[in-house]
Amino acid sequence: MRDDIPKMHRLKRVVEENSITKTFVFDCDFQVQPGQFINIWLPRIDEKPMSVAFADGKELSLSIANVGSFSAAVHQLKEGDQAGLRGPYGQPFRWEAKQKIAMVGGGFGTAPLYFTAFHAIQDGCEVDLIVGARRKDLLMYEDRISKLKHTSLHLATDDGSAGHNGYNVQVLQQLIEGGKKFDMIMTCGPEVMMAAVAKLAEKYKIPAQISLERYMKCGFGLCGNCVVDPTGDTTCTKGPVVPLEYVQQVAEFGKYHRDSMGKKKEW
Ligand SMILES: Cc1cc2nc3c(=O)[nH]c(=O)nc-3n(C[C@H](O)[C@H](O)[C@H](O)COP(=O)(O)OP(=O)(O)OC[C@H]3O[C@@H](n4cnc5c(N)ncnc54)[C@H](O)[C@@H]3O)c2cc1C
């Protein structure tokens with residue numbers, strides 16, 4: 001079941017994750033598969049897609065970075081306030097029981113990967129979750145990930161203030177070249193990072209899933225705002241999570257995307 005008309009939901013809790021990101025926990029009974037997204041609507045302001053950071057049929061969490069006008073407005077919400085939610089939308093991450101999975105997350109992309117790991121380990125999977133950020137104070141979810149069973153947390157920061165001094169993709173490369181065998185790689189975060197992950201997956205012939213983010217509006221393939229070149233597929237229905245073979249056909253992957261008016265913007 002999915003709601004295509006936004007319904008108002010009460011904000012139960014707000015958790016500060018790092019200097020720019022907060023998690024908003026709503027009273028919400030949506031049944032969500034990890035990797036799917038919802039649209040959050042603030043009346044008279046705007047509506048935007050957000051990956052679901054966690055949902056259990058009673059609560060639904062969104063981890064939102066304060067990067068612009070809409071996200072700044074969401075950051076003003078207090079416990080007891082209401083926001084419209086509709087969805088869930090799109091294709092989730094998929095796994096098979098007992099797989100060894102590498103997950104590579106950057107920014108708020110770490111949140112849906114945590115949600116995915118939470119469920120995958122219940123199917124006997126083992127997870128290496130590699131979280132990257134520019135600096136230590138921009139890392140998120142370390143505590144939550146550390147508490148997951150059968151999950152190894154790896155950190156990487158561009159300035160070396162925590163974990164590996166460099167990119168999370170380098171950590172993945174070290175793990176693979178060190179002999180670690182993965183059945184699947186999953187990635188969510190900045191596209192340039194995901195393009196590097198995709199290259200590694202190709203090189204080492206490891207199946208991979210990528211969470212492709214485009215400017216989505218309707219969420220169900222009607223408005224055409226999130227189509228990609230040259231396939232013309234709407235990312236909101238084809239994705240956001242797509243297999244490696246799919247991004248290999250998307251000429252713009254890792255190169256450019258389109259803004260709200262359809263204008264090309266390089267990453
Ligand atoms: C499927 C999907 C899932 C998403 N999940 C999340 C999520 O879980 N958490 C989340 O915070 N956002 C998520 N987003 C992005 C979100 O929809 C908005 O684009 C984001 O909140 C910025 O909106 P804004 O109006 O605040 O900023 P805008 O005014 O749109 O942008 C302000 C500035 O921030 C930059 N910017 C825009 N979006 C991002 C971004 N996502 N990260 C970094 N810089 C950005 C723009 O280039 C611009 O310079 C998701 C997007 C998609 C398509």
# chains A, B, ... in the order shown; residues from 1 in each chain; ligands from 1
$ residues_around --residues "stretch 1-14 of chain A" --least-positions-apart "5" --cutoff "9 Å" --atoms "only C-alpha atoms" --output "list of chain:residue names"
A:Lys22, A:Thr23, A:Phe24, A:Val25, A:Phe26, A:Asp27, A:Cys28, A:Phe30, A:Gln31, A:Asn39, A:Ile40, A:Trp41, A:Glu59, A:Leu77, A:Lys78, A:Glu79, A:Gly80, A:Asp81, A:Gln82, A:Ala83, A:Gly84, A:Leu85, A:Arg86, A:Gly87, A:Pro88, A:Tyr89, A:Cys218, A:Gly219, A:Phe220
$ closest_atom_pairs --of "chain A" --to "ligand 1" --cutoff "9 Å" --atoms "only C-alpha atoms and all ligand atoms" --output "JSON lines"
{"residue": "A:Thr21", "atom": "CA", "partner": "ligand 1", "partner_atom_place_in_ligand_line": "11 (O)", "distance": 7.3}
{"residue": "A:Lys22", "atom": "CA", "partner": "ligand 1", "partner_atom_place_in_ligand_line": "11 (O)", "distance": 8.7}
{"residue": "A:Gly35", "atom": "CA", "partner": "ligand 1", "partner_atom_place_in_ligand_line": "1 (C)", "distance": 8.6}
{"residue": "A:Gln36", "atom": "CA", "partner": "ligand 1", "partner_atom_place_in_ligand_line": "1 (C)", "distance": 7.5}
{"residue": "A:Phe37", "atom": "CA", "partner": "ligand 1", "partner_atom_place_in_ligand_line": "1 (C)", "distance": 5.7}
{"residue": "A:Ile38", "atom": "CA", "partner": "ligand 1", "partner_atom_place_in_ligand_line": "3 (C)", "distance": 8.0}
{"residue": "A:Asn39", "atom": "CA", "partner": "ligand 1", "partner_atom_place_in_ligand_line": "17 (O)", "distance": 8.2}
{"residue": "A:Ile40", "atom": "CA", "partner": "ligand 1", "partner_atom_place_in_ligand_line": "17 (O)", "distance": 8.8}
{"residue": "A:Asp46", "atom": "CA", "partner": "ligand 1", "partner_atom_place_in_ligand_line": "25 (O)", "distance": 7.9}
{"residue": "A:Glu47", "atom": "CA", "partner": "ligand 1", "partner_atom_place_in_ligand_line": "17 (O)", "distance": 8.3}
{"residue": "A:Lys48", "atom": "CA", "partner": "ligand 1", "partner_atom_place_in_ligand_line": "17 (O)", "distance": 4.6}
{"residue": "A:Pro49", "atom": "CA", "partner": "ligand 1", "partner_atom_place_in_ligand_line": "17 (O)", "distance": 4.3}
{"residue": "A:Met50", "atom": "CA", "partner": "ligand 1", "partner_atom_place_in_ligand_line": "5 (N)", "distance": 3.4}
{"residue": "A:Ser51", "atom": "CA", "partner": "ligand 1", "partner_atom_place_in_ligand_line": "5 (N)", "distance": 3.9}
{"residue": "A:Val52", "atom": "CA", "partner": "ligand 1", "partner_atom_place_in_ligand_line": "8 (O)", "distance": 6.3}
{"residue": "A:Ala53", "atom": "CA", "partner": "ligand 1", "partner_atom_place_in_ligand_line": "8 (O)", "distance": 6.7}
{"residue": "A:Leu62", "atom": "CA", "partner": "ligand 1", "partner_atom_place_in_ligand_line": "8 (O)", "distance": 6.0}
{"residue": "A:Ser63", "atom": "CA", "partner": "ligand 1", "partner_atom_place_in_ligand_line": "9 (N)", "distance": 5.3}
{"residue": "A:Ile64", "atom": "CA", "partner": "ligand 1", "partner_atom_place_in_ligand_line": "11 (O)", "distance": 3.4}
{"residue": "A:Ala65", "atom": "CA", "partner": "ligand 1", "partner_atom_place_in_ligand_line": "11 (O)", "distance": 3.9}
{"residue": "A:Asn66", "atom": "CA", "partner": "ligand 1", "partner_atom_place_in_ligand_line": "26 (O)", "distance": 6.2}
{"residue": "A:Val67", "atom": "CA", "partner": "ligand 1", "partner_atom_place_in_ligand_line": "34 (O)", "distance": 4.5}
{"residue": "A:Gly68", "atom": "CA", "partner": "ligand 1", "partner_atom_place_in_ligand_line": "26 (O)", "distance": 3.3}
{"residue": "A:Ser69", "atom": "CA", "partner": "ligand 1", "partner_atom_place_in_ligand_line": "26 (O)", "distance": 4.4}
{"residue": "A:Phe70", "atom": "CA", "partner": "ligand 1", "partner_atom_place_in_ligand_line": "25 (O)", "distance": 3.7}
{"residue": "A:Ser71", "atom": "CA", "partner": "ligand 1", "partner_atom_place_in_ligand_line": "26 (O)", "distance": 3.6}
{"residue": "A:Ala72", "atom": "CA", "partner": "ligand 1", "partner_atom_place_in_ligand_line": "26 (O)", "distance": 5.9}
{"residue": "A:Ala73", "atom": "CA", "partner": "ligand 1", "partner_atom_place_in_ligand_line": "26 (O)", "distance": 7.8}
{"residue": "A:Val74", "atom": "CA", "partner": "ligand 1", "partner_atom_place_in_ligand_line": "26 (O)", "distance": 8.4}
{"residue": "A:Tyr89", "atom": "CA", "partner": "ligand 1", "partner_atom_place_in_ligand_line": "1 (C)", "distance": 8.7}
{"residue": "A:Gly90", "atom": "CA", "partner": "ligand 1", "partner_atom_place_in_ligand_line": "1 (C)", "distance": 8.1}
{"residue": "A:Gly107", "atom": "CA", "partner": "ligand 1", "partner_atom_place_in_ligand_line": "42 (N)", "distance": 7.6}
{"residue": "A:Phe108", "atom": "CA", "partner": "ligand 1", "partner_atom_place_in_ligand_line": "9 (N)", "distance": 5.2}
{"residue": "A:Gly109", "atom": "CA", "partner": "ligand 1", "partner_atom_place_in_ligand_line": "8 (O)", "distance": 6.5}
{"residue": "A:Thr110", "atom": "CA", "partner": "ligand 1", "partner_atom_place_in_ligand_line": "8 (O)", "distance": 8.8}
{"residue": "A:Ala111", "atom": "CA", "partner": "ligand 1", "partner_atom_place_in_ligand_line": "8 (O)", "distance": 7.0}
{"residue": "A:Pro112", "atom": "CA", "partner": "ligand 1", "partner_atom_place_in_ligand_line": "8 (O)", "distance": 7.4}
{"residue": "A:Gly189", "atom": "CA", "partner": "ligand 1", "partner_atom_place_in_ligand_line": "42 (N)", "distance": 8.5}
{"residue": "A:Pro190", "atom": "CA", "partner": "ligand 1", "partner_atom_place_in_ligand_line": "42 (N)", "distance": 7.4}
{"residue": "A:Ser211", "atom": "CA", "partner": "ligand 1", "partner_atom_place_in_ligand_line": "1 (C)", "distance": 7.6}
{"residue": "A:Leu212", "atom": "CA", "partner": "ligand 1", "partner_atom_place_in_ligand_line": "1 (C)", "distance": 7.0}
{"residue": "A:Glu213", "atom": "CA", "partner": "ligand 1", "partner_atom_place_in_ligand_line": "53 (C)", "distance": 4.2}
{"residue": "A:Arg214", "atom": "CA", "partner": "ligand 1", "partner_atom_place_in_ligand_line": "53 (C)", "distance": 4.7}
{"residue": "A:Tyr215", "atom": "CA", "partner": "ligand 1", "partner_atom_place_in_ligand_line": "53 (C)", "distance": 5.3}
{"residue": "A:Met216", "atom": "CA", "partner": "ligand 1", "partner_atom_place_in_ligand_line": "53 (C)", "distance": 5.2}
{"residue": "A:Lys217", "atom": "CA", "partner": "ligand 1", "partner_atom_place_in_ligand_line": "53 (C)", "distance": 8.4}
{"residue": "A:Gly219", "atom": "CA", "partner": "ligand 1", "partner_atom_place_in_ligand_line": "1 (C)", "distance": 8.8}
{"residue": "A:Cys226", "atom": "CA", "partner": "ligand 1", "partner_atom_place_in_ligand_line": "53 (C)", "distance": 8.3}
{"residue": "A:Thr235", "atom": "CA", "partner": "ligand 1", "partner_atom_place_in_ligand_line": "1 (C)", "distance": 8.3}
{"residue": "A:Cys236", "atom": "CA", "partner": "ligand 1", "partner_atom_place_in_ligand_line": "1 (C)", "distance": 6.9}
{"residue": "A:Gly239", "atom": "CA", "partner": "ligand 1", "partner_atom_place_in_ligand_line": "1 (C)", "distance": 8.1}
{"residue": "A:Pro240", "atom": "CA", "partner": "ligand 1", "partner_atom_place_in_ligand_line": "1 (C)", "distance": 5.6}
{"residue": "A:Val241", "atom": "CA", "partner": "ligand 1", "partner_atom_place_in_ligand_line": "1 (C)", "distance": 8.7}
{"residue": "A:Asp259", "atom": "CA", "partner": "ligand 1", "partner_atom_place_in_ligand_line": "30 (O)", "distance": 8.5}
{"residue": "A:Ser260", "atom": "CA", "partner": "ligand 1", "partner_atom_place_in_ligand_line": "30 (O)", "distance": 8.3}
{"residue": "A:Trp267", "atom": "CA", "partner": "ligand 1", "partner_atom_place_in_ligand_line": "47 (O)", "distance": 8.8}
$ residues_around --residues "A:Gly132" --least-positions-apart "3" --cutoff "8 Å" --atoms "only C-alpha atoms" --output "list in words"
Val104, Gly105, Gly106, Gly107, Leu139, Leu155, Ala156, Thr157, Asp158, Tyr167 and Asn168 of chain A
$ write_last_selection --atoms "N, CA and C atoms" --output "mmCIF file, in the first residue's frame"
data_model
loop_
_atom_site.group_PDB
_atom_site.id
_atom_site.type_symbol
_atom_site.label_atom_id
_atom_site.label_comp_id
_atom_site.auth_asym_id
_atom_site.auth_seq_id
_atom_site.Cartn_x
_atom_site.Cartn_y
_atom_site.Cartn_z
ATOM 1 N N VAL A 104 28.873 1.128 0.857
ATOM 2 C CA VAL A 104 29.700 2.336 0.850
ATOM 3 C C VAL A 104 28.769 3.547 0.905
ATOM 4 N N GLY A 105 28.850 4.284 2.015
ATOM 5 C CA GLY A 105 27.934 5.404 2.215
ATOM 6 C C GLY A 105 28.662 6.720 2.400
ATOM 7 N N GLY A 106 28.085 7.765 1.809
ATOM 8 C CA GLY A 106 28.624 9.119 2.015
ATOM 9 C C GLY A 106 27.477 10.041 2.364
ATOM 10 N N GLY A 107 27.705 10.982 3.270
ATOM 11 C CA GLY A 107 26.667 11.934 3.667
ATOM 12 C C GLY A 107 25.444 11.211 4.203
ATOM 13 N N LEU A 139 30.671 12.874 10.004
ATOM 14 C CA LEU A 139 30.326 11.445 9.996
ATOM 15 C C LEU A 139 28.974 11.283 10.676
ATOM 16 N N LEU A 155 35.610 3.620 8.849
ATOM 17 C CA LEU A 155 35.433 5.061 8.662
ATOM 18 C C LEU A 155 36.522 5.603 7.751
ATOM 19 N N ALA A 156 36.169 6.645 7.010
ATOM 20 C CA ALA A 156 37.173 7.337 6.185
ATOM 21 C C ALA A 156 36.830 8.822 6.175
ATOM 22 N N THR A 157 37.833 9.656 6.330
ATOM 23 C CA THR A 157 37.595 11.104 6.219
ATOM 24 C C THR A 157 38.641 11.704 5.271
ATOM 25 N N ASP A 158 38.198 12.690 4.508
ATOM 26 C CA ASP A 158 39.092 13.308 3.514
ATOM 27 C C ASP A 158 40.309 13.930 4.194
ATOM 28 N N TYR A 167 39.470 8.514 0.907
ATOM 29 C CA TYR A 167 38.078 8.211 0.542
ATOM 30 C C TYR A 167 37.641 6.815 0.990
ATOM 31 N N ASN A 168 36.331 6.711 1.236
ATOM 32 C CA ASN A 168 35.773 5.397 1.607
ATOM 33 C C ASN A 168 35.948 4.364 0.484
#
$ select_by_dssp --residues "stretch 17-223 of chain A" --states "strand (DSSP E)" --output "VMD selection string"
chain A and resid 21 to 27 37 to 42 46 to 51 54 to 55 59 to 65 82 to 89 100 to 106 126 to 133 151 to 157 164 to 165 184 to 188 208 to 211
$ select_by_dssp --residues "stretch 34-209 of chain A" --states "alpha helix (DSSP H)" --output "MDAnalysis selection string"
chainID A and resid 69:75 110:120 142:146 168:177 191:203
$ closest_residue --among "A:Thr234, A:Asn225, A:Gln33, A:Asn18" --to "A:Thr116" --atoms "only C-alpha atoms"
A:Gln33
$ closest_residue --among "A:Lys238, A:Lys199, A:Lys100, A:Lys136" --to "A:Ser152" --atoms "only C-alpha atoms"
A:Lys100
$ atom_distance --atom1 "atom CA of A:Lys58" --atom2 "atom CA of A:Val32"
10.9 Å
